[in-house]
$ cat upload_37.cif   # mmCIF, C-alpha atoms and all ligand atoms
data_run
#
loop_
_atom_site.label_atom_id
_atom_site.label_comp_id
_atom_site.auth_asym_id
_atom_site.auth_seq_id
_atom_site.Cartn_x
_atom_site.Cartn_y
_atom_site.Cartn_z
CA MET A 1 18.09 12.17 -8.26
CA ASP A 2 18.73 14.25 -5.24
CA TYR A 3 17.64 12.11 -2.32
CA GLU A 4 17.47 8.39 -1.78
CA ILE A 5 13.83 7.49 -1.15
CA LEU A 6 13.66 5.77 2.20
CA ARG A 7 9.91 5.23 2.46
CA ASP A 8 7.18 3.41 0.57
CA THR A 9 4.82 6.36 0.91
CA VAL A 10 5.49 9.14 -1.61
CA ALA A 11 3.77 12.03 -3.32
CA GLU A 12 4.52 11.63 -7.00
CA ILE A 13 4.32 14.88 -8.93
CA ASN A 14 4.09 15.01 -12.68
CA LEU A 15 5.86 18.20 -13.73
CA ASP A 16 4.72 17.80 -17.34
CA ASN A 17 1.14 18.08 -16.14
CA ILE A 18 1.91 21.27 -14.25
CA ALA A 19 3.66 22.67 -17.36
CA HIS A 20 0.58 21.79 -19.41
CA ASN A 21 -1.72 23.54 -16.93
CA VAL A 22 0.43 26.68 -16.84
CA ARG A 23 0.51 26.86 -20.64
CA THR A 24 -3.24 26.28 -20.81
CA ILE A 25 -3.86 29.29 -18.56
CA LYS A 26 -1.35 31.35 -20.53
CA GLU A 27 -3.16 30.52 -23.76
CA MET A 28 -6.50 31.45 -22.18
CA ILE A 29 -5.35 34.86 -20.98
CA GLY A 30 -3.18 35.79 -23.98
CA ASN A 31 -0.06 37.88 -24.14
CA ASP A 32 -1.52 41.12 -22.86
CA VAL A 33 -2.26 39.69 -19.43
CA ALA A 34 0.58 38.95 -17.01
CA MET A 35 0.52 35.72 -15.03
CA MET A 36 1.37 35.68 -11.34
CA THR A 37 1.45 31.97 -10.50
CA VAL A 38 0.70 31.18 -6.87
CA ILE A 39 3.02 28.69 -5.18
CA LYS A 40 2.25 29.44 -1.53
CA GLY A 41 1.80 26.62 0.98
CA ASP A 42 4.90 24.92 -0.47
CA GLY A 43 3.39 25.01 -3.93
CA TYR A 44 0.07 23.66 -2.62
CA GLY A 45 1.99 20.71 -1.22
CA HIS A 46 3.81 19.98 -4.49
CA GLY A 47 7.08 21.60 -3.37
CA ALA A 48 7.55 25.29 -4.18
CA ALA A 49 11.24 24.93 -5.00
CA ALA A 50 10.56 22.24 -7.59
CA VAL A 51 7.53 23.81 -9.25
CA ALA A 52 8.95 27.37 -9.43
CA PRO A 53 11.08 26.78 -12.57
CA ILE A 54 8.19 24.96 -14.27
CA MET A 55 5.99 28.03 -13.75
CA ILE A 56 8.65 30.39 -15.11
CA GLU A 57 9.61 28.21 -18.08
CA ASN A 58 5.99 28.02 -19.15
CA GLY A 59 5.14 31.69 -19.04
CA ALA A 60 4.80 32.93 -15.46
CA ASP A 61 5.85 36.54 -14.94
CA TYR A 62 5.67 36.43 -11.16
CA LEU A 63 5.73 33.81 -8.41
CA ALA A 64 3.46 34.54 -5.46
CA VAL A 65 3.75 33.17 -1.94
CA ALA A 66 1.98 34.02 1.30
CA THR A 67 4.83 34.74 3.71
CA LEU A 68 8.29 36.27 3.88
CA THR A 69 9.90 32.93 4.75
CA GLU A 70 8.31 31.28 1.72
CA ALA A 71 9.76 34.05 -0.44
CA LEU A 72 13.21 33.76 1.16
CA GLU A 73 13.28 30.00 0.59
CA LEU A 74 12.80 30.67 -3.11
CA ARG A 75 15.15 33.65 -3.24
CA LYS A 76 18.04 31.48 -1.98
CA LEU A 77 17.55 29.16 -4.93
CA TYR A 78 16.48 31.59 -7.65
CA LYS A 79 18.26 34.94 -7.75
CA ASP A 80 16.33 36.38 -10.70
CA TYR A 81 12.73 35.24 -10.34
CA LYS A 82 10.19 37.93 -9.55
CA LEU A 83 8.76 37.07 -6.14
CA PHE A 84 5.61 38.48 -4.60
CA ILE A 85 4.27 38.24 -1.04
CA LEU A 86 0.46 38.14 -1.00
CA GLY A 87 0.20 38.43 2.78
CA HIS A 88 1.36 40.57 5.66
CA THR A 89 5.02 41.04 6.60
CA PRO A 90 5.72 42.49 10.07
CA ASN A 91 7.16 46.04 10.11
CA GLU A 92 10.39 45.01 11.85
CA VAL A 93 11.40 42.58 9.10
CA LEU A 94 10.44 44.58 6.02
CA HIS A 95 14.16 45.14 5.33
CA TYR A 96 14.40 41.49 4.24
CA VAL A 97 11.85 42.24 1.56
CA VAL A 98 13.91 45.16 0.28
CA ASP A 99 17.30 43.43 0.54
CA ASN A 100 16.02 40.42 -1.38
CA ASN A 101 14.16 42.25 -4.14
CA ILE A 102 10.80 40.87 -3.16
CA VAL A 103 7.57 42.64 -4.08
CA GLN A 104 5.36 43.22 -1.04
CA THR A 105 1.61 43.63 -0.60
CA ILE A 106 0.80 46.67 1.52
CA TYR A 107 -2.39 48.17 2.87
CA SER A 108 -1.23 50.97 5.16
CA ILE A 109 0.70 54.21 4.83
CA GLU A 110 2.72 53.12 7.85
CA GLN A 111 4.29 50.22 5.92
CA ALA A 112 4.62 52.36 2.82
CA LYS A 113 6.66 54.90 4.78
CA ILE A 114 8.89 52.23 6.32
CA LEU A 115 9.62 50.83 2.86
CA ASP A 116 10.14 54.31 1.43
CA GLU A 117 12.64 55.04 4.21
CA LEU A 118 14.46 51.74 3.60
CA GLY A 119 14.61 52.58 -0.09
CA LYS A 120 16.16 55.98 0.62
CA HIS A 121 19.03 54.37 2.56
CA ILE A 122 20.05 51.95 -0.12
CA ASN A 123 19.17 54.03 -3.11
CA LYS A 124 16.69 51.66 -4.66
CA LYS A 125 12.93 51.72 -4.78
CA PRO A 126 11.12 48.89 -3.02
CA VAL A 127 8.28 47.60 -5.19
CA VAL A 128 4.79 47.15 -3.73
CA HIS A 129 1.24 46.36 -4.78
CA ILE A 130 -1.64 47.88 -2.85
CA LYS A 131 -4.30 45.53 -1.55
CA TYR A 132 -7.82 46.87 -1.80
CA ASP A 133 -10.71 45.19 0.05
CA THR A 134 -13.75 45.16 -2.19
CA GLY A 135 -15.81 42.85 0.03
CA LEU A 136 -13.96 39.75 1.21
CA HIS A 137 -13.10 41.68 4.38
CA ARG A 138 -9.84 39.89 4.94
CA LEU A 139 -6.98 42.15 3.91
CA GLY A 140 -6.66 45.50 2.20
CA TYR A 141 -7.89 49.06 2.28
CA GLU A 142 -11.55 49.41 3.15
CA HIS A 143 -13.68 50.72 0.30
CA LYS A 144 -14.11 54.36 1.31
CA LYS A 145 -12.99 57.89 0.52
CA GLU A 146 -10.33 58.06 3.24
CA SER A 147 -8.64 54.98 1.78
CA ILE A 148 -8.42 56.53 -1.66
CA GLU A 149 -6.84 59.63 -0.13
CA GLU A 150 -4.32 57.57 1.80
CA ILE A 151 -3.42 55.52 -1.29
CA MET A 152 -2.75 58.76 -3.15
CA ARG A 153 -0.41 59.85 -0.37
CA ILE A 154 1.44 56.52 -0.77
CA LEU A 155 1.71 57.19 -4.50
CA GLU A 156 3.46 60.46 -3.68
CA LEU A 157 6.31 58.77 -1.77
CA LYS A 158 9.57 59.36 -3.62
CA ASN A 159 11.45 56.14 -2.84
CA LEU A 160 8.68 53.66 -3.35
CA CYS A 161 7.49 52.04 -6.58
CA VAL A 162 3.76 51.32 -6.40
CA GLU A 163 3.60 48.86 -9.26
CA GLY A 164 0.10 47.52 -8.82
CA ILE A 165 -3.23 47.39 -7.05
CA PHE A 166 -5.25 44.25 -6.44
CA SER A 167 -8.27 42.76 -4.76
CA HIS A 168 -9.66 39.28 -4.13
CA LEU A 169 -13.14 37.88 -4.75
CA ALA A 170 -15.25 36.20 -2.07
CA GLN A 171 -17.04 34.08 -4.69
CA ALA A 172 -20.29 34.23 -2.80
CA SER A 173 -22.29 34.58 -6.01
CA LYS A 174 -21.98 36.04 -9.50
CA GLU A 175 -23.82 39.15 -8.33
CA ASP A 176 -21.57 39.65 -5.31
CA ASP A 177 -18.46 39.14 -7.43
CA LYS A 178 -19.75 41.72 -9.88
CA GLU A 179 -20.29 44.17 -7.06
CA GLN A 180 -16.71 43.63 -5.90
CA TYR A 181 -15.45 44.11 -9.44
CA GLU A 182 -17.35 47.38 -9.71
CA ARG A 183 -15.99 48.69 -6.41
CA PHE A 184 -12.50 47.85 -7.62
CA ILE A 185 -13.02 49.70 -10.92
CA GLN A 186 -14.46 52.65 -9.08
CA ALA A 187 -11.51 52.93 -6.71
CA ILE A 188 -8.99 52.61 -9.52
CA SER A 189 -10.64 55.16 -11.75
CA GLU A 190 -10.88 57.62 -8.89
CA ILE A 191 -7.15 57.31 -8.27
CA GLU A 192 -6.18 57.28 -11.92
CA SER A 193 -8.37 60.30 -12.66
CA LYS A 194 -5.96 62.25 -10.47
CA GLY A 195 -3.09 61.40 -12.80
CA TYR A 196 -1.68 58.35 -11.05
CA LYS A 197 -1.12 55.11 -12.90
CA PHE A 198 -0.82 51.45 -11.87
CA LYS A 199 1.21 49.16 -14.09
CA TYR A 200 -0.71 46.11 -12.89
CA LYS A 201 -4.29 45.66 -11.74
CA HIS A 202 -5.48 42.23 -10.71
CA LEU A 203 -8.48 40.48 -9.23
CA CYS A 204 -8.81 36.90 -10.52
CA GLU A 205 -7.66 33.64 -8.92
CA SER A 206 -8.17 30.26 -10.63
CA ILE A 207 -11.93 30.01 -10.81
CA ALA A 208 -12.45 33.69 -11.61
CA ILE A 209 -9.94 33.50 -14.48
CA ILE A 210 -12.13 30.88 -16.11
CA GLU A 211 -15.55 32.19 -15.10
CA TYR A 212 -15.00 35.90 -15.60
CA PRO A 213 -12.67 36.61 -18.54
CA GLU A 214 -13.91 40.20 -18.38
CA TYR A 215 -12.42 40.67 -14.89
CA ARG A 216 -8.86 39.73 -15.80
CA PHE A 217 -7.45 43.28 -16.14
CA ASN A 218 -3.76 42.92 -17.10
CA MET A 219 -2.69 40.35 -14.52
CA VAL A 220 -4.16 37.17 -13.01
CA ARG A 221 -3.21 35.02 -10.01
CA PRO A 222 -3.86 31.33 -10.73
CA GLY A 223 -3.11 28.80 -7.97
CA THR A 224 -5.13 25.60 -7.64
CA VAL A 225 -5.75 25.24 -11.35
CA LEU A 226 -2.02 25.00 -12.07
CA TYR A 227 -1.87 21.78 -10.11
CA GLY A 228 -4.71 20.40 -12.21
CA ILE A 229 -7.30 20.27 -9.52
CA LYS A 230 -10.69 20.67 -11.09
CA PRO A 231 -12.64 23.74 -10.00
CA TYR A 232 -15.94 22.69 -8.48
CA LYS A 233 -18.18 23.79 -11.31
CA GLU A 234 -16.79 22.27 -14.49
CA ASN A 235 -13.56 22.30 -16.50
CA PHE A 236 -11.72 19.88 -18.19
CA PHE A 237 -8.46 21.03 -19.75
CA PHE A 238 -6.34 20.60 -16.65
CA LYS A 239 -4.37 17.55 -15.53
CA GLN A 240 -3.92 16.63 -11.87
CA ALA A 241 -0.20 16.54 -11.13
CA LEU A 242 -0.10 14.74 -7.82
CA THR A 243 -0.53 11.05 -6.98
CA LEU A 244 -0.18 9.90 -3.39
CA LYS A 245 0.95 6.30 -3.18
CA THR A 246 2.31 3.67 -0.85
CA ARG A 247 2.94 -0.09 -0.66
CA ILE A 248 1.38 -2.84 1.43
CA CYS A 249 3.72 -3.67 4.31
CA SER A 250 1.78 -6.49 5.99
CA ILE A 251 -1.13 -8.82 5.24
CA ARG A 252 -3.19 -10.91 7.70
CA ASN A 253 -6.42 -12.88 7.94
CA VAL A 254 -9.04 -11.63 10.34
CA ARG A 255 -12.03 -13.73 11.35
CA LYS A 256 -15.63 -12.65 11.22
CA GLY A 257 -16.53 -10.77 14.41
CA GLU A 258 -13.02 -9.57 15.23
CA GLY A 259 -12.18 -5.89 15.48
CA VAL A 260 -9.59 -4.02 13.42
CA GLY A 261 -7.75 -0.94 14.68
CA TYR A 262 -8.10 1.25 17.76
CA SER A 263 -11.24 0.85 19.89
CA TYR A 264 -12.55 -1.85 17.55
CA VAL A 265 -14.86 0.71 16.01
CA TRP A 266 -14.85 -1.52 12.93
CA LYS A 267 -15.51 -5.27 13.12
CA ALA A 268 -15.27 -7.85 10.35
CA ASP A 269 -18.70 -9.01 9.14
CA ARG A 270 -17.10 -12.01 7.39
CA ASP A 271 -13.67 -13.66 7.31
CA ILE A 272 -11.44 -11.08 5.67
CA VAL A 273 -7.93 -10.25 4.50
CA ILE A 274 -6.45 -7.06 5.93
CA GLY A 275 -3.53 -5.13 4.47
CA THR A 276 -1.53 -2.72 6.57
CA LEU A 277 -0.10 0.43 4.99
CA PRO A 278 2.84 2.47 6.31
CA PHE A 279 1.24 5.90 6.41
CA GLY A 280 -1.38 7.72 8.45
CA PHE A 281 -2.70 11.10 9.45
CA ALA A 282 0.81 12.38 10.20
CA ASP A 283 1.36 12.14 6.45
CA GLY A 284 -1.77 14.18 5.81
CA TYR A 285 -4.38 11.46 5.33
CA SER A 286 -7.42 12.52 7.30
CA ARG A 287 -8.63 10.23 10.05
CA LYS A 288 -12.12 11.15 8.88
CA LEU A 289 -11.59 8.80 5.95
CA SER A 290 -11.93 5.92 8.42
CA GLY A 291 -15.31 4.28 8.75
CA GLY A 292 -16.42 3.62 5.20
CA LEU A 293 -15.67 6.96 3.56
CA GLY A 294 -12.21 6.21 2.23
CA TYR A 295 -10.87 3.62 -0.19
CA MET A 296 -7.67 3.10 -2.17
CA ILE A 297 -6.75 1.33 -5.39
CA VAL A 298 -4.78 -1.93 -5.30
CA ASN A 299 -4.14 -3.83 -8.54
CA GLY A 300 -6.85 -1.74 -10.20
CA LYS A 301 -9.50 -2.57 -7.59
CA LYS A 302 -11.06 -0.63 -4.74
CA ALA A 303 -9.90 -1.52 -1.23
CA PRO A 304 -11.94 0.19 1.53
CA VAL A 305 -10.23 1.72 4.55
CA VAL A 306 -11.23 -0.25 7.64
CA GLY A 307 -10.81 0.66 11.28
CA ARG A 308 -9.49 4.00 12.41
CA VAL A 309 -6.68 5.63 10.48
CA CYS A 310 -3.72 5.84 12.90
CA MET A 311 -1.00 8.46 13.01
CA ASP A 312 1.47 6.38 11.00
CA GLN A 313 -0.45 3.40 9.68
CA CYS A 314 -3.82 2.38 8.39
CA MET A 315 -5.57 -0.79 7.25
CA ILE A 316 -7.49 -1.68 4.10
CA ASP A 317 -9.74 -4.60 3.21
CA LEU A 318 -8.04 -6.78 0.56
CA THR A 319 -10.51 -9.68 0.65
CA ASP A 320 -11.82 -9.16 -2.88
CA ILE A 321 -8.48 -8.48 -4.51
CA PRO A 322 -6.90 -11.58 -6.05
CA ASN A 323 -3.17 -12.40 -5.83
CA VAL A 324 -2.41 -9.48 -3.58
CA LYS A 325 0.97 -9.52 -1.85
CA ILE A 326 3.22 -7.50 0.40
CA GLY A 327 4.93 -4.73 -1.59
CA ASP A 328 2.02 -4.17 -3.98
CA GLU A 329 1.44 -0.55 -4.90
CA VAL A 330 -1.52 1.30 -3.39
CA ILE A 331 -2.93 4.50 -4.90
CA ILE A 332 -4.18 6.68 -2.06
CA PHE A 333 -5.16 9.70 -4.17
CA GLY A 334 -4.79 9.65 -7.95
CA ASP A 335 -6.12 11.18 -11.12
CA GLY A 336 -9.25 9.02 -11.00
CA LYS A 337 -8.61 7.13 -14.25
CA ASP A 338 -7.88 3.97 -12.23
CA GLY A 339 -10.92 4.55 -10.01
CA SER A 340 -8.81 6.34 -7.41
CA ILE A 341 -10.10 9.18 -5.28
CA THR A 342 -9.00 12.47 -6.86
CA ILE A 343 -7.98 15.51 -4.82
CA GLU A 344 -11.27 17.05 -5.89
CA GLN A 345 -13.27 14.05 -4.63
CA ALA A 346 -11.30 13.90 -1.40
CA SER A 347 -12.14 17.54 -0.76
CA GLN A 348 -15.83 16.78 -1.26
CA LEU A 349 -15.74 13.66 0.94
CA LEU A 350 -14.09 15.63 3.73
CA ASP A 351 -15.89 18.92 3.14
CA VAL A 352 -12.67 20.92 2.95
CA THR A 353 -11.06 22.80 0.08
CA ARG A 354 -8.78 21.12 -2.43
CA GLY A 355 -5.97 23.31 -1.14
CA GLU A 356 -6.47 21.92 2.35
CA ILE A 357 -6.13 18.32 1.18
CA LEU A 358 -2.91 19.23 -0.62
CA SER A 359 -1.31 21.36 2.04
CA ARG A 360 -1.91 18.68 4.65
CA ILE A 361 0.47 16.31 2.86
CA SER A 362 3.25 16.62 5.37
CA ARG A 363 7.00 17.08 5.29
CA ARG A 364 7.42 13.41 6.15
CA THR A 365 6.13 12.31 2.76
CA PRO A 366 8.94 12.38 0.17
CA ARG A 367 8.20 14.11 -3.14
CA VAL A 368 9.13 12.29 -6.33
CA TYR A 369 9.09 14.38 -9.52
CA ILE A 370 8.31 12.96 -12.92
CA LYS A 371 9.21 14.43 -16.32
CA GLY A 372 8.74 12.51 -19.55
CA ASP A 373 7.70 9.40 -17.60
CA ASN A 374 10.99 9.32 -15.68
CA ILE A 375 11.94 10.37 -12.19
CA CYS A 376 13.86 13.62 -12.58
CA LYS A 377 14.17 14.72 -8.98
CA THR A 378 13.41 13.55 -5.47
CA VAL A 379 13.05 15.50 -2.24
CA ASP A 380 12.84 14.31 1.35
CA TYR A 381 12.42 17.36 3.59
CA LEU A 382 13.53 15.39 6.65
CA MET A 383 16.85 14.49 5.05
CA ASP A 384 17.81 18.13 4.38
C1 LIG B 1 -4.26 31.80 -2.77
C2 LIG B 1 -4.52 33.03 -3.50
C3 LIG B 1 -4.69 33.01 -4.89
C4 LIG B 1 -4.77 31.72 -5.68
O1 LIG B 1 -6.01 31.13 -5.42
P1 LIG B 1 -6.55 29.80 -6.18
O2 LIG B 1 -7.99 29.78 -5.87
O3 LIG B 1 -5.80 28.66 -5.62
O4 LIG B 1 -6.26 30.01 -7.61
C5 LIG B 1 -4.84 34.22 -5.55
N1 LIG B 1 -4.84 35.38 -4.87
C6 LIG B 1 -4.68 35.46 -3.54
C7 LIG B 1 -4.70 36.78 -2.85
C8 LIG B 1 -4.54 34.28 -2.80
O5 LIG B 1 -4.42 34.35 -1.47
#
$ encode --input "upload_37.cif" --output "structure tokens" --more "lines below"
Ligand SMILES: *Cc1c(COP(=O)(O)O)cnc(C)c1O
Amino acid sequence: MDYEILRDTVAEINLDNIAHNVRTIKEMIGNDVAMMTVIKGDGYGHGAAAVAPIMIENGADYLAVATLTEALELRKLYKDYKLFILGHTPNEVLHYVVDNNIVQTIYSIEQAKILDELGKHINKKPVVHIKYDTGLHRLGYEHKKESIEEIMRILELKNLCVEGIFSHLAQASKEDDKEQYERFIQAISEIESKGYKFKYKHLCESIAIIEYPEYRFNMVRPGTVLYGIKPYKENFFFKQALTLKTRICSIRNVRKGEGVGYSYVWKADRDIVIGTLPFGFADGYSRKLSGGLGYMIVNGKKAPVVGRVCMDQCMIDLTDIPNVKIGDEVIIFGDGKDGSITIEQASQLLDVTRGEILSRISRRTPRVYIKGDNICKTVDYLMD
């Protein structure tokens, strides 16, 4: 164990489940397709530093993050892992990318030239992948002739290794995705017909890997699915890794007609038992789960959230739960087998993505890692 756990509220992360999910994807894609596992947003809230070795041990070729600082955090810990930045890095700090052997996404000749120049000075070729916008209209070269010409000029730079080209689907519909796929193919074949070659071509994130095996090329970029969060449509073989839990810290009786929580927006419609929990929206639990939407599991039974969720505390109705006492465990989000709200269900209740639920779990919540049913590691970001 690395940190003493000083709170009752923790995010418990089952590393065996993540390992299972990574292997499941690896089996699906086979040995001819490389796997770039995405651990941006602090490993979707699971802790990038802790999940990185699990990804690598179970078949990941690359680890992808969104920002330079996310990559540097990992580089300090892991000298040899292949790290990839999916997003933009400002021109002035591109030397960090080169000095730390990080692979950078680029989508301009300006950045290509800066990296080429940096490479010349230290006698090593910075590695990049080119981002091509096939329709999401977020990042990457626009789909047009001038872009193809500029990409070919990048490919001519002597001190730069253009290792790959990639795009990202908008997932608006099957037809739209197909159109994006076809634009991508068209751009690649135009470039490759001139004698250039990309080692890696990639398009698919989690859902696309499963839905469109024919779009996998020779690399895929799974994120969400590795944490066992069910894609909206179906799918089955993945195990949720994260459980958010706490313990009851206070219990009281409240009479019919009395209010609970700020502004008394909720009032007891009978004599009830209220339990107070030591966590709130500062831990990443949305205040929108107040007012009937949210519930938690105590001793195997549902306890509805009552009153407004506060920054650091919230209250649940324990009236129908027998023998409940201070210190009892409360499952805030779980895998659903105990009736708990899963990350998937929370995302639907709140109308946000699964990634948003996960990345809102804040630094204040300690992470407890489980392997083989035992705690193998603990992290409290505030105690660093
Ligand atoms: C986040 C991200 C991914 C992973 O997406 P999931 O849907 O979580 O699998 C893949 N590619 C890019 C470019 C991303 O930004």
$ residues_near_ligand --input "upload_37.cif" --ligand "ligand LIG 1 (chain B)" --cutoff "10 Å" --atoms "only C-alpha atoms and all ligand atoms" --output "mmCIF file with C-alpha atoms, in the coordinates of the input"
data_model
loop_
_atom_site.group_PDB
_atom_site.id
_atom_site.type_symbol
_atom_site.label_atom_id
_atom_site.label_comp_id
_atom_site.auth_asym_id
_atom_site.auth_seq_id
_atom_site.Cartn_x
_atom_site.Cartn_y
_atom_site.Cartn_z
ATOM 1 C CA MET A 36 1.370 35.680 -11.340
ATOM 2 C CA THR A 37 1.450 31.970 -10.500
ATOM 3 C CA VAL A 38 0.700 31.180 -6.870
ATOM 4 C CA ILE A 39 3.020 28.690 -5.180
ATOM 5 C CA LYS A 40 2.250 29.440 -1.530
ATOM 6 C CA GLY A 41 1.800 26.620 0.980
ATOM 7 C CA TYR A 44 0.070 23.660 -2.620
ATOM 8 C CA ALA A 64 3.460 34.540 -5.460
ATOM 9 C CA VAL A 65 3.750 33.170 -1.940
ATOM 10 C CA ALA A 66 1.980 34.020 1.300
ATOM 11 C CA ILE A 85 4.270 38.240 -1.040
ATOM 12 C CA LEU A 86 0.460 38.140 -1.000
ATOM 13 C CA GLY A 87 0.200 38.430 2.780
ATOM 14 C CA THR A 105 1.610 43.630 -0.600
ATOM 15 C CA LYS A 131 -4.300 45.530 -1.550
ATOM 16 C CA ARG A 138 -9.840 39.890 4.940
ATOM 17 C CA LEU A 139 -6.980 42.150 3.910
ATOM 18 C CA PHE A 166 -5.250 44.250 -6.440
ATOM 19 C CA SER A 167 -8.270 42.760 -4.760
ATOM 20 C CA HIS A 168 -9.660 39.280 -4.130
ATOM 21 C CA LEU A 169 -13.140 37.880 -4.750
ATOM 22 C CA HIS A 202 -5.480 42.230 -10.710
ATOM 23 C CA LEU A 203 -8.480 40.480 -9.230
ATOM 24 C CA CYS A 204 -8.810 36.900 -10.520
ATOM 25 C CA GLU A 205 -7.660 33.640 -8.920
ATOM 26 C CA SER A 206 -8.170 30.260 -10.630
ATOM 27 C CA ILE A 207 -11.930 30.010 -10.810
ATOM 28 C CA ALA A 208 -12.450 33.690 -11.610
ATOM 29 C CA ILE A 209 -9.940 33.500 -14.480
ATOM 30 C CA VAL A 220 -4.160 37.170 -13.010
ATOM 31 C CA ARG A 221 -3.210 35.020 -10.010
ATOM 32 C CA PRO A 222 -3.860 31.330 -10.730
ATOM 33 C CA GLY A 223 -3.110 28.800 -7.970
ATOM 34 C CA THR A 224 -5.130 25.600 -7.640
ATOM 35 C CA VAL A 225 -5.750 25.240 -11.350
ATOM 36 C CA LEU A 226 -2.020 25.000 -12.070
ATOM 37 C CA TYR A 227 -1.870 21.780 -10.110
ATOM 38 C CA ILE A 229 -7.300 20.270 -9.520
ATOM 39 C CA PRO A 231 -12.640 23.740 -10.000
ATOM 40 C CA THR A 353 -11.060 22.800 0.080
ATOM 41 C CA ARG A 354 -8.780 21.120 -2.430
ATOM 42 C CA GLY A 355 -5.970 23.310 -1.140
#
$ residues_around --input "upload_37.cif" --residues "A:Arg23" --least-positions-apart "4" --cutoff "9 Å" --atoms "only C-alpha atoms" --output "ChimeraX atom specification"
/A:18-19,27-28,55,58-59
$ atom_distance --input "upload_37.cif" --atom1 "atom CA of A:Pro278" --atom2 "atom CA of A:Leu6"
12.0 Å
$ residues_around --input "upload_37.cif" --residues "A:Gly45" --least-positions-apart "6" --cutoff "10 Å" --atoms "all atoms listed in the file" --output "list in words"
Ala11, Ile13, Ile39, Tyr227, Leu242, Gly355, Glu356, Ile357, Leu358, Ser359, Arg360, Ile361, Ser362, Arg363 and Arg367 of chain A
$ atom_distance --input "upload_37.cif" --atom1 "atom CA of A:Glu179" --atom2 "atom CA of A:Glu192"
19.9 Å
$ closest_atom_pairs --input "upload_37.cif" --of "stretch 136-239 of chain A" --to "stretch 114-117 of chain A" --cutoff "8 Å" --atoms "only C-alpha atoms" --output "tab-separated table"
residue	atom	partner	partner_atom	distance
A:Leu157	CA	A:Asp116	CA	6.7
A:Lys158	CA	A:Asp116	CA	7.2
A:Asn159	CA	A:Asp116	CA	4.8
A:Leu160	CA	A:Asp116	CA	5.0
$ atom_distance --input "upload_37.cif" --atom1 "atom CA of A:Tyr200" --atom2 "atom CA of A:Ile165"
6.5 Å
$ residues_around --input "upload_37.cif" --residues "A:Gly294" --least-positions-apart "4" --cutoff "10 Å" --atoms "all atoms listed in the file" --output "ChimeraX atom specification"
/A:285-290,302-306,309,316,332,341,346,349-350
$ closest_atom_pairs --input "upload_37.cif" --of "stretch 103-174 of chain A" --to "stretch 184-189 of chain A" --cutoff "8 Å" --atoms "all atoms listed in the file" --output "JSON lines"
{"residue": "A:Tyr132", "atom": "CA", "partner": "A:Phe184", "partner_atom": "CA", "distance": 7.5}
{"residue": "A:Thr134", "atom": "CA", "partner": "A:Phe184", "partner_atom": "CA", "distance": 6.2}
{"residue": "A:His143", "atom": "CA", "partner": "A:Ala187", "partner_atom": "CA", "distance": 7.7}
{"residue": "A:Ile148", "atom": "CA", "partner": "A:Ala187", "partner_atom": "CA", "distance": 6.9}
{"residue": "A:Ser167", "atom": "CA", "partner": "A:Phe184", "partner_atom": "CA", "distance": 7.2}
$ residues_around --input "upload_37.cif" --residues "A:Ile321" --least-positions-apart "4" --cutoff "8 Å" --atoms "all atoms listed in the file" --output "JSON, numbers by chain"
{"A": [298, 299, 301, 303]}
$ residues_around --input "upload_37.cif" --residues "A:Pro53" --least-positions-apart "3" --cutoff "10 Å" --atoms "all atoms listed in the file" --output "ChimeraX atom specification"
/A:19,48-50,56-58,60,63,78,81
$ write_last_selection --input "upload_37.cif" --atoms "C-alpha atoms" --output "mmCIF file, keeping the file's coordinate frame"
data_model
loop_
_atom_site.group_PDB
_atom_site.id
_atom_site.type_symbol
_atom_site.label_atom_id
_atom_site.label_comp_id
_atom_site.auth_asym_id
_atom_site.auth_seq_id
_atom_site.Cartn_x
_atom_site.Cartn_y
_atom_site.Cartn_z
ATOM 1 C CA ALA A 19 3.660 22.670 -17.360
ATOM 2 C CA ALA A 48 7.550 25.290 -4.180
ATOM 3 C CA ALA A 49 11.240 24.930 -5.000
ATOM 4 C CA ALA A 50 10.560 22.240 -7.590
ATOM 5 C CA ILE A 56 8.650 30.390 -15.110
ATOM 6 C CA GLU A 57 9.610 28.210 -18.080
ATOM 7 C CA ASN A 58 5.990 28.020 -19.150
ATOM 8 C CA ALA A 60 4.800 32.930 -15.460
ATOM 9 C CA LEU A 63 5.730 33.810 -8.410
ATOM 10 C CA TYR A 78 16.480 31.590 -7.650
ATOM 11 C CA TYR A 81 12.730 35.240 -10.340
#
$ closest_residue --input "upload_37.cif" --among "A:Lys82, A:Lys174, A:Arg308, A:His129" --to "A:Phe198" --atoms "only C-alpha atoms"
A:His129
$ closest_residue --input "upload_37.cif" --among "A:Gln171, A:Ile151, A:Glu214, A:Tyr262" --to "A:Ile191" --atoms "all atoms listed in the file"
A:Ile151
$ closest_residue --input "upload_37.cif" --among "A:Glu150, A:Asp312, A:Asp2, A:Glu12" --to "A:Asp384" --atoms "only C-alpha atoms"
A:Asp2
$ closest_residue --input "upload_37.cif" --among "A:Phe281, A:Phe333, A:Tyr96, A:Phe217" --to "A:Gly30" --atoms "all atoms listed in the file"
A:Phe217
$ closest_residue --input "upload_37.cif" --among "A:Lys245, A:Arg364, A:His121, A:Lys145" --to "A:Ser340" --atoms "all atoms listed in the file"
A:Lys245
$ closest_residue --input "upload_37.cif" --among "A:Glu163, A:Glu146, A:Asp177, A:Glu110" --to "A:Ile130" --atoms "all atoms listed in the file"
A:Glu163
